[in-house]
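Enquirer: If it helps, the file is called protein.cif and holds mmCIF, C-alpha atoms and all ligand atoms:
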```cif
data_upload
#
loop_
_atom_site.label_atom_id
_atom_site.label_comp_id
_atom_site.auth_asym_id
_atom_site.auth_seq_id
_atom_site.Cartn_x
_atom_site.Cartn_y
_atom_site.Cartn_z
CA MET Z 1 19.21 44.32 75.84
CA ARG Z 2 22.99 44.15 76.16
CA LEU Z 3 25.37 44.43 73.23
CA GLY Z 4 28.75 43.70 74.78
CA LYS Z 5 29.07 46.40 77.42
CA ILE Z 6 26.43 48.61 75.83
CA GLU Z 7 22.99 48.61 77.40
CA ILE Z 8 20.26 49.37 74.84
CA ASP Z 9 16.74 49.85 76.06
CA SER Z 10 14.35 48.31 73.50
CA PRO Z 11 16.36 48.64 70.28
CA LEU Z 12 14.68 50.50 67.42
CA ILE Z 13 17.24 50.23 64.68
CA LEU Z 14 17.43 52.13 61.41
CA GLY Z 15 18.54 49.55 58.84
CA PRO Z 16 21.73 50.22 56.89
CA MET Z 17 20.74 51.23 53.36
CA ALA Z 18 23.26 51.99 50.65
CA GLY Z 19 22.56 55.32 48.98
CA VAL Z 20 20.05 56.36 51.65
CA THR Z 21 21.35 56.18 55.22
CA ASP Z 22 24.13 58.74 55.10
CA GLN Z 23 25.20 60.48 58.28
CA ALA Z 24 22.63 63.27 57.85
CA PHE Z 25 19.63 60.95 57.57
CA ARG Z 26 20.91 58.67 60.33
CA THR Z 27 21.35 61.67 62.64
CA VAL Z 28 17.80 62.89 62.02
CA CYS Z 29 16.44 59.37 62.67
CA ALA Z 30 18.53 59.12 65.85
CA GLU Z 31 17.14 62.46 67.06
CA LEU Z 32 13.60 61.21 66.45
CA GLY Z 33 13.87 57.84 68.18
CA ALA Z 34 16.12 55.36 66.35
CA ASN Z 35 18.40 54.44 69.26
CA VAL Z 36 20.67 52.32 67.05
CA THR Z 37 21.85 53.14 63.52
CA VAL Z 38 24.27 51.44 61.16
CA THR Z 39 26.38 52.94 58.37
CA GLU Z 40 25.69 51.65 54.87
CA MET Z 41 27.84 48.73 53.78
CA VAL Z 42 31.45 49.37 52.81
CA SER Z 43 33.77 46.91 51.08
CA SER Z 44 36.49 45.58 53.39
CA ARG Z 45 38.77 45.27 50.39
CA ALA Z 46 38.20 48.91 49.40
CA LEU Z 47 39.08 49.98 52.94
CA VAL Z 48 42.28 47.95 52.88
CA TYR Z 49 43.16 49.62 49.55
CA GLN Z 50 42.52 52.99 51.23
CA ASP Z 51 39.64 53.99 48.99
CA LYS Z 52 38.63 57.48 50.12
CA LYS Z 53 35.00 57.24 48.94
CA SER Z 54 34.43 54.13 51.04
CA ALA Z 55 36.01 55.71 54.11
CA ALA Z 56 33.74 58.75 53.70
CA LEU Z 57 30.64 56.54 54.11
CA LEU Z 58 31.76 55.55 57.60
CA LYS Z 59 30.83 58.67 59.53
CA LYS Z 60 29.36 57.86 62.91
CA THR Z 61 25.81 59.02 63.60
CA GLU Z 62 25.54 61.88 66.05
CA GLY Z 63 23.45 60.39 68.85
CA GLY Z 64 22.54 56.86 69.84
CA VAL Z 65 24.56 53.70 69.34
CA CYS Z 66 26.13 53.36 65.89
CA GLY Z 67 27.54 50.37 64.06
CA ALA Z 68 29.87 50.31 61.05
CA GLN Z 69 28.93 47.73 58.43
CA ILE Z 70 31.44 46.01 56.16
CA PHE Z 71 31.19 43.30 53.54
CA GLY Z 72 33.63 40.86 51.96
CA ASN Z 73 34.49 37.17 52.02
CA ASP Z 74 38.13 36.91 53.03
CA PRO Z 75 38.63 36.48 56.79
CA GLU Z 76 41.98 38.29 56.88
CA ILE Z 77 40.80 41.21 54.76
CA MET Z 78 37.56 41.42 56.75
CA ALA Z 79 39.56 41.52 60.01
CA ARG Z 80 41.78 44.31 58.67
CA GLY Z 81 38.75 46.08 57.13
CA ALA Z 82 36.96 45.90 60.49
CA GLU Z 83 39.90 47.51 62.30
CA LEU Z 84 40.08 50.23 59.68
CA ALA Z 85 36.31 50.85 59.69
CA LEU Z 86 36.34 51.27 63.46
CA GLY Z 87 39.48 53.43 63.36
CA ILE Z 88 37.90 55.74 60.77
CA SER Z 89 34.43 55.93 62.30
CA GLY Z 90 34.87 55.41 66.04
CA CYS Z 91 31.69 53.33 65.87
CA ASP Z 92 30.36 51.37 68.85
CA PHE Z 93 30.07 48.01 67.10
CA LEU Z 94 31.01 46.29 63.85
CA ASP Z 95 28.32 44.72 61.68
CA ILE Z 96 29.06 42.12 59.01
CA ASN Z 97 26.82 42.12 55.96
CA MET Z 98 25.68 38.57 55.16
CA GLY Z 99 22.38 39.62 53.59
CA CYS Z 100 23.05 41.73 50.51
CA PRO Z 101 21.26 40.04 47.57
CA MET Z 102 22.65 42.17 44.72
CA PRO Z 103 24.18 39.90 42.05
CA LYS Z 104 27.49 41.78 41.95
CA ILE Z 105 27.91 41.21 45.69
CA ALA Z 106 26.12 37.92 46.43
CA ASN Z 107 27.35 36.05 43.33
CA SER Z 108 30.94 36.81 44.29
CA GLY Z 109 30.40 35.18 47.67
CA ASP Z 110 29.99 38.42 49.64
CA GLY Z 111 26.81 39.57 51.41
CA CYS Z 112 24.14 36.85 51.23
CA GLY Z 113 26.61 34.73 49.24
CA LEU Z 114 28.17 33.90 52.64
CA MET Z 115 25.01 32.02 53.59
CA ARG Z 116 26.09 29.41 51.02
CA THR Z 117 29.49 29.05 52.69
CA PRO Z 118 28.65 28.91 56.41
CA GLU Z 119 32.08 27.64 57.41
CA LEU Z 120 33.77 30.61 55.74
CA ALA Z 121 31.18 32.95 57.27
CA GLY Z 122 32.07 31.53 60.69
CA GLN Z 123 35.78 32.02 60.02
CA ILE Z 124 35.07 35.64 59.16
CA VAL Z 125 33.22 36.23 62.43
CA SER Z 126 36.04 34.59 64.42
CA ALA Z 127 38.72 36.59 62.59
CA VAL Z 128 36.88 39.89 63.03
CA LYS Z 129 36.21 39.13 66.71
CA LYS Z 130 39.92 38.60 67.27
CA ALA Z 131 40.82 41.84 65.49
CA VAL Z 132 38.49 44.30 67.24
CA ASN Z 133 37.46 45.10 70.79
CA VAL Z 134 33.86 46.14 70.18
CA PRO Z 135 30.82 43.85 69.72
CA VAL Z 136 30.64 42.08 66.36
CA THR Z 137 27.20 41.60 64.85
CA VAL Z 138 25.83 39.84 61.77
CA LYS Z 139 22.97 40.77 59.46
CA CYS Z 140 21.65 37.94 57.30
CA ARG Z 141 18.57 36.67 55.47
CA LEU Z 142 16.68 33.35 55.63
CA GLY Z 143 19.00 31.76 53.10
CA TRP Z 144 19.89 31.81 49.41
CA ASP Z 145 16.52 30.75 48.03
CA LYS Z 146 13.36 28.88 49.03
CA GLY Z 147 15.04 25.51 48.53
CA SER Z 148 18.02 26.34 50.74
CA ILE Z 149 16.71 28.11 53.81
CA ASN Z 150 19.44 27.60 56.39
CA VAL Z 151 19.01 30.55 58.76
CA LEU Z 152 18.66 28.30 61.83
CA ASP Z 153 21.93 26.39 61.38
CA PHE Z 154 23.62 29.48 60.03
CA THR Z 155 22.79 31.81 62.92
CA LYS Z 156 23.68 29.10 65.49
CA ARG Z 157 27.06 28.80 63.84
CA MET Z 158 27.54 32.59 63.90
CA GLU Z 159 26.72 32.60 67.61
CA ASP Z 160 29.17 29.76 68.25
CA CYS Z 161 31.86 31.68 66.35
CA GLY Z 162 31.39 34.72 68.61
CA ALA Z 163 28.72 36.97 67.05
CA ASP Z 164 27.26 39.28 69.70
CA MET Z 165 23.92 39.97 67.98
CA ILE Z 166 22.14 38.84 64.83
CA THR Z 167 19.66 40.72 62.68
CA VAL Z 168 17.50 38.54 60.46
CA HIS Z 169 15.76 39.99 57.42
CA GLY Z 170 12.91 37.53 56.89
CA ARG Z 171 13.44 37.05 53.16
CA THR Z 172 15.69 34.87 51.02
CA ARG Z 173 18.27 36.29 48.64
CA ALA Z 174 16.06 35.25 45.71
CA MET Z 175 13.15 37.34 47.04
CA LEU Z 176 15.26 40.53 47.00
CA TYR Z 177 12.77 42.99 48.53
CA SER Z 178 9.51 41.49 47.25
CA GLY Z 179 7.03 39.06 48.75
CA VAL Z 180 6.34 38.98 52.46
CA ALA Z 181 8.97 38.74 55.20
CA ASP Z 182 8.60 35.51 57.21
CA TRP Z 183 8.54 36.60 60.84
CA ASP Z 184 7.88 33.03 62.02
CA MET Z 185 11.36 31.96 60.95
CA ILE Z 186 12.72 34.86 62.99
CA THR Z 187 10.77 33.51 65.99
CA LYS Z 188 12.57 30.18 65.55
CA VAL Z 189 15.95 31.91 65.36
CA LYS Z 190 15.17 33.82 68.56
CA GLN Z 191 14.12 30.64 70.36
CA GLN Z 192 17.39 28.83 69.67
CA LEU Z 193 19.96 31.58 70.30
CA THR Z 194 21.17 33.16 73.52
CA ILE Z 195 22.57 36.34 71.92
CA PRO Z 196 20.13 39.16 71.04
CA VAL Z 197 18.12 38.75 67.85
CA ILE Z 198 16.75 41.68 65.87
CA ALA Z 199 13.74 41.20 63.58
CA ASN Z 200 13.71 42.92 60.20
CA GLY Z 201 11.42 43.04 57.18
CA ASP Z 202 8.10 44.71 56.44
CA ILE Z 203 7.80 46.84 59.57
CA VAL Z 204 5.91 49.80 58.15
CA SER Z 205 4.13 51.43 61.11
CA GLY Z 206 3.93 51.55 64.88
CA GLU Z 207 1.37 48.79 64.79
CA THR Z 208 3.45 46.42 62.65
CA ALA Z 209 6.48 47.16 64.87
CA MET Z 210 4.55 46.04 67.93
CA LYS Z 211 3.11 42.99 66.11
CA CYS Z 212 6.52 41.91 64.86
CA LEU Z 213 8.11 42.24 68.27
CA LYS Z 214 5.30 40.27 69.93
CA ARG Z 215 5.21 37.56 67.30
CA THR Z 216 8.95 36.99 67.09
CA GLY Z 217 9.88 37.63 70.73
CA ALA Z 218 12.92 39.40 69.25
CA ASP Z 219 15.06 41.72 71.35
CA GLY Z 220 14.52 44.62 68.99
CA ILE Z 221 13.39 45.61 65.54
CA MET Z 222 15.04 47.11 62.49
CA ILE Z 223 13.17 49.40 60.11
CA GLY Z 224 14.37 49.94 56.56
CA ARG Z 225 12.32 51.33 53.69
CA ALA Z 226 9.43 52.65 55.78
CA SER Z 227 11.78 55.28 57.21
CA PHE Z 228 12.23 56.98 53.81
CA GLY Z 229 10.97 60.52 54.33
CA ASP Z 230 9.43 59.34 57.59
CA PRO Z 231 11.84 59.40 60.53
CA TRP Z 232 8.77 59.77 62.78
CA ILE Z 233 8.11 56.05 62.36
CA PHE Z 234 10.56 55.40 65.21
CA ALA Z 235 8.49 57.47 67.68
CA GLU Z 236 5.38 55.64 66.48
CA ALA Z 237 7.06 52.27 66.97
CA LYS Z 238 8.29 53.25 70.43
CA ALA Z 239 4.81 54.33 71.54
CA ALA Z 240 3.10 51.26 70.07
CA ILE Z 241 5.58 48.91 71.73
CA ALA Z 242 5.12 50.67 75.08
CA GLY Z 243 1.34 50.39 74.70
CA GLU Z 244 1.00 54.17 74.57
CA PRO Z 245 -1.12 56.19 72.14
CA ILE Z 246 0.65 56.62 68.80
CA PRO Z 247 1.76 60.25 68.45
CA GLU Z 248 0.21 62.24 65.64
CA ARG Z 249 2.37 62.87 62.61
CA PRO Z 250 3.73 66.46 62.94
CA ALA Z 251 2.21 69.15 60.72
CA LEU Z 252 3.68 69.53 57.22
CA LYS Z 253 5.62 72.67 58.17
CA ASP Z 254 7.36 70.81 61.00
CA ARG Z 255 8.09 67.83 58.78
CA ILE Z 256 9.61 70.11 56.16
CA ALA Z 257 11.72 71.78 58.87
CA VAL Z 258 13.18 68.34 59.70
CA ALA Z 259 13.82 67.66 56.02
CA VAL Z 260 15.64 70.98 55.63
CA ARG Z 261 17.72 70.23 58.73
CA GLN Z 262 18.69 66.89 57.16
CA PHE Z 263 19.76 68.66 53.95
CA GLU Z 264 21.81 71.17 55.95
CA LEU Z 265 23.57 68.35 57.76
CA SER Z 266 24.13 66.74 54.38
CA GLU Z 267 25.64 69.97 53.03
CA GLN Z 268 28.03 70.13 56.00
CA ASP Z 269 29.05 66.56 55.29
CA HIS Z 270 29.18 66.34 51.48
CA GLY Z 271 29.08 69.95 50.24
CA GLU Z 272 26.26 71.67 48.37
CA HIS Z 273 26.35 69.71 45.11
CA ILE Z 274 26.01 66.22 46.61
CA ALA Z 275 23.61 67.51 49.27
CA CYS Z 276 21.28 68.73 46.49
CA LEU Z 277 21.50 65.43 44.60
CA GLU Z 278 20.65 63.58 47.82
CA ALA Z 279 17.83 66.06 48.57
CA ARG Z 280 16.20 65.36 45.19
CA LYS Z 281 15.47 61.84 46.42
CA HIS Z 282 14.79 62.50 50.12
CA PHE Z 283 12.65 65.64 49.63
CA ALA Z 284 10.34 63.71 47.29
CA TRP Z 285 10.00 61.03 49.98
CA TYR Z 286 9.12 63.65 52.59
CA LEU Z 287 6.27 64.74 50.32
CA ARG Z 288 4.87 61.25 49.75
CA GLY Z 289 1.15 61.22 50.42
CA VAL Z 290 0.90 65.03 50.52
CA ALA Z 291 -1.99 66.10 48.30
CA HIS Z 292 -1.09 68.23 45.27
CA SER Z 293 2.67 67.81 45.84
CA SER Z 294 3.46 66.60 42.34
CA TYR Z 295 4.00 70.16 41.09
CA TYR Z 296 6.81 70.52 43.64
CA LYS Z 297 8.18 67.07 42.91
CA ASN Z 298 9.15 68.37 39.47
CA GLN Z 299 11.03 71.26 41.06
CA ILE Z 300 12.65 68.91 43.56
CA SER Z 301 14.04 66.74 40.80
CA SER Z 302 16.11 69.70 39.60
CA LEU Z 303 17.39 71.12 42.90
CA ASN Z 304 20.89 72.54 42.41
CA THR Z 305 21.61 74.86 45.32
CA MET Z 306 20.72 75.20 48.98
CA GLU Z 307 18.83 78.34 47.96
CA ASP Z 308 16.64 76.14 45.71
CA ILE Z 309 15.98 73.88 48.71
CA TYR Z 310 14.98 76.80 50.96
CA ARG Z 311 12.75 78.27 48.24
CA VAL Z 312 10.90 75.02 47.51
CA ALA Z 313 10.55 74.31 51.25
CA LYS Z 314 8.99 77.76 51.79
CA ASP Z 315 6.60 77.36 48.84
CA VAL Z 316 5.56 73.86 49.94
CA VAL Z 317 4.75 75.09 53.45
CA ARG Z 318 2.84 78.07 52.01
CA ASP Z 319 0.82 76.08 49.46
CA LEU Z 320 0.28 72.59 50.82
CA LYS Z 321 -1.10 70.98 53.96
C1 LIG K 401 18.06 50.91 48.93
C2 LIG K 401 18.43 49.85 49.94
C3 LIG K 401 19.76 49.70 50.30
C4 LIG K 401 20.13 48.73 51.23
N1 LIG K 401 21.44 48.64 51.61
C5 LIG K 401 21.78 47.78 52.61
C6 LIG K 401 23.11 47.76 53.14
O1 LIG K 401 23.99 48.54 52.73
N2 LIG K 401 23.39 46.84 54.11
C7 LIG K 401 22.43 45.99 54.60
O2 LIG K 401 22.73 45.18 55.49
N3 LIG K 401 21.18 46.00 54.14
C8 LIG K 401 20.83 46.88 53.18
N4 LIG K 401 19.52 46.95 52.77
C9 LIG K 401 18.51 46.10 53.41
C10 LIG K 401 17.80 46.82 54.58
O3 LIG K 401 18.71 47.15 55.61
C11 LIG K 401 16.68 45.92 55.16
O4 LIG K 401 17.25 44.73 55.61
C12 LIG K 401 15.60 45.61 54.13
O5 LIG K 401 15.21 46.76 53.42
C13 LIG K 401 14.36 44.97 54.78
O6 LIG K 401 13.77 45.84 55.72
P1 LIG K 401 12.44 46.70 55.37
O7 LIG K 401 11.38 45.72 54.90
O8 LIG K 401 12.09 47.37 56.68
O9 LIG K 401 12.81 47.66 54.29
C14 LIG K 401 19.14 47.88 51.82
C15 LIG K 401 17.81 48.03 51.42
C16 LIG K 401 17.44 49.01 50.50
C17 LIG K 401 15.99 49.13 50.13
#
```
Go ahead and render the structure in this file as C-alpha cells.
Ligand SMILES: Cc1cc2nc3c(=O)[nH]c(=O)nc-3n(C[C@H](O)[C@H](O)[C@H](O)COP(=O)(O)O)c2cc1C

Expert:
Amino acid sequence: MRLGKIEIDSPLILGPMAGVTDQAFRTVCAELGANVTVTEMVSSRALVYQDKKSAALLKKTEGGVCGAQIFGNDPEIMARGAELALGISGCDFLDINMGCPMPKIANSGDGCGLMRTPELAGQIVSAVKKAVNVPVTVKCRLGWDKGSINVLDFTKRMEDCGADMITVHGRTRAMLYSGVADWDMITKVKQQLTIPVIANGDIVSGETAMKCLKRTGADGIMIGRASFGDPWIFAEAKAAIAGEPIPERPALKDRIAVAVRQFELSEQDHGEHIACLEARKHFAWYLRGVAHSSYYKNQISSLNTMEDIYRVAKDVVRDLK
C-alpha cells in the first residue's frame, strides 16, 4: 500500500489510544510487528496555545511509520495545529480524529461530532492538506448513531477533499466501544474509494485479523484494545495474514522482559513517577490470563519506583508460569 510517497507492506496499525499509546508502548509494538503507529489525539487548539502537556504527547515512535493525530473543528486552527504537530514530532503523516465519541469532544463538534457536519469536516481536510507536506489521513466511525449512518457519503467526501487514507472503526458514536463492529460497512467503504482504507474494530487475534482483512478487502488493519499487555498480537496477525503458522506466545519470563523494557522507555520519556503510574496499568495487562497473578496485581497497583518494578518482575518470573 502507498501512503503518499511511503510504501507500507501490509499495514498492521496500532490504534491511537489516549492514556495508553505513549511513545514507550508504541515503540515496543513497533519492535514486535506494528509497522504503523499513531500518537494519541492532541487538541489542535491546545497546540496553537502552546500547551506543553499536549506537545509532550507527540513523540514519534522509534521504528516504523508514525502518524501524529490531532482533533478540533476549526479549519484554520486545525491547519496551524497540524503544522505544529508535525514540527514537534517529525511524524510521517498527519491523522485527523473524526471518531472520538466522548461527550466532551463529540458534543462540541470535534472527533465524531464532525461526522454530523461533513462540509466542515471536508474544509478541515482541505485546509490541513494545504498546510502540510505529508499525507493527511482521517479516522472516523460509521456515523453518529444507528439512525444516521453516513460513513459512505462521508468518506467519499473526505477522499474528494484530499484525504490520503481513511481508517473506519465499524461502530457508531452512540455505541462507544460496545456491541459488535460492522465490518460489512467497511467493505462498502473500501469498494467505493480509491485511497487506502484501514479496517478497525474487534480485531482480537491473528485469526480475526485475517478474517477482517479478507471480509473487508481493506488495505490494512488497525488493532486497539487487544494490544493492551499483548504487543505480540501484531506478529500473530502478520503470520495469520500470510497464511503461516501463528507463532507461540513467548514464555512469561520473556513477556515480562518486554514489559520491563517498556517501563524503562517510559522512565526515559516521563521520569520515574509517571513511568510507575503508567506501569500500574500496563503491568496488570501483561499479567492478564496468568494463573495466580492476582497477588502481584495488588503489588502492581502500588508501584512507586523503578526498583519496585524490577522486584515485582523478578518475583513474578520466579513464582508464576
Ligand atoms: C482507552 C482508549 C483510548 C482511545 N483513544 C483514541 C484516540 O486518542 N484517538 C483515536 O482515534 N481513537 C482512540 N480510541 C479508539 C481506538 O483507536 C480504536 O478505534 C477502538 O478502540 C476500536 O478498535 P478495537 O476494537 O481494536 O479496540 C481509543 C480507544 C480506547 C479504548

Enquirer: From the options Z:Ser43, Z:Glu83, Z:Val38, Z:Ala279, which residue's atoms come nearest to Val134 in chain Z, counting all atoms listed in the file?

Expert: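 Comparing Z:Ser43, Z:Glu83, Z:Val38, Z:Ala279 against Val134 in chain Z, the winner is Z:Glu83.
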
Enquirer: Using all atoms listed in the file, what are the residues with an atom within 8 Å of ligand LIG 401 (chain K), set out as an MDAnalysis selection string?

Expert: chainID Z and resid 14:20 39:42 69 96:100 139:140 168:170 177 181 200:204 222:227

Enquirer: Can you pull out every residue within 12 Å of Asp74 in chain Z, counting all atoms listed in the file, but drop anything in the same chain fewer than 6 positions away, and send it as a ChimeraX atom specification?

Expert: /Z:43-45,48,80-82,108-111,114,117,119-128

Enquirer: Could you name the residues that touch range 33-37 of chain Z at 9 Å or less, counting only C-alpha atoms, but leaving out those on the same chain fewer than 4 positions away, as a ChimeraX atom specification?

Expert: /Z:8-16,21,26-29,60-61,63-68,222,231-238

Enquirer: Using only C-alpha atoms for the distances, tell me which of Z:Glu264, Z:Ser205, Z:Gly90, Z:Ala259 is nearest to Ile246 in chain Z.

Expert: Z:Ser205

Enquirer: Counting only C-alpha atoms, which residue out of Z:Met185, Z:Ala174, Z:Ala242, Z:Val197 sits closest to Asp219 in chain Z?

Expert: Z:Val197

Enquirer: Nearest residue to His282 in chain Z out of Z:Asp51, Z:Asp95, Z:Glu31, Z:Asp230, using only C-alpha atoms?

Expert: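 Result for the nearest residue to His282 in chain Z: Z:Asp230.
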
Enquirer: Looking at Z:Leu57, Z:Cys112, Z:Ala85, Z:Ile186, which one is nearest to Asn73 in chain Z, with distances taken over only C-alpha atoms?

Expert: Z:Cys112

Enquirer: Write out as an MDAnalysis selection string which residues come within 12 Å of Arg318 in chain Z when counting all atoms listed in the file, dropping same-chain ones fewer than 2 positions away.

Expert: chainID Z and resid 252:253 256 293 296 311:316 320:321

Enquirer: Kindly indicate which residue among Z:Asp269, Z:Asp254, Z:Phe228, Z:Asp164 lies nearest to Leu58 in chain Z, using only C-alpha atoms for the distances.

Expert: Z:Asp269

Enquirer: Kindly give the distance, in Å, that separates CA of Asn133 in chain Z and CA of Ser89 in chain Z, rounded to a single decimal.

Expert: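 CA of Ser89 in chain Z lies 14.1 Å from CA of Asn133 in chain Z.
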
Enquirer: So how many Å separate CA of Pro135 in chain Z and CA of Ile195 in chain Z, to one decimal?

Expert: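 That distance, rounded to one decimal, is 11.4 Å.
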
Enquirer: Would you list the contacts of Lys297 in chain Z as a ChimeraX atom specification, taking every protein, DNA or RNA residue within 10 Å and counting all atoms listed in the file, but skipping same-chain residues closer than 2 positions in sequence?

Expert: /Z:280-281,283-285,287-288,292-295,299-302,312

Enquirer: What does the distance from CA of Ala79 in chain Z to CA of Leu94 in chain Z come to in Å, to one decimal?

Expert: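 Computing the Euclidean distance for CA of Ala79 in chain Z and CA of Leu94 in chain Z yields 10.5 Å.
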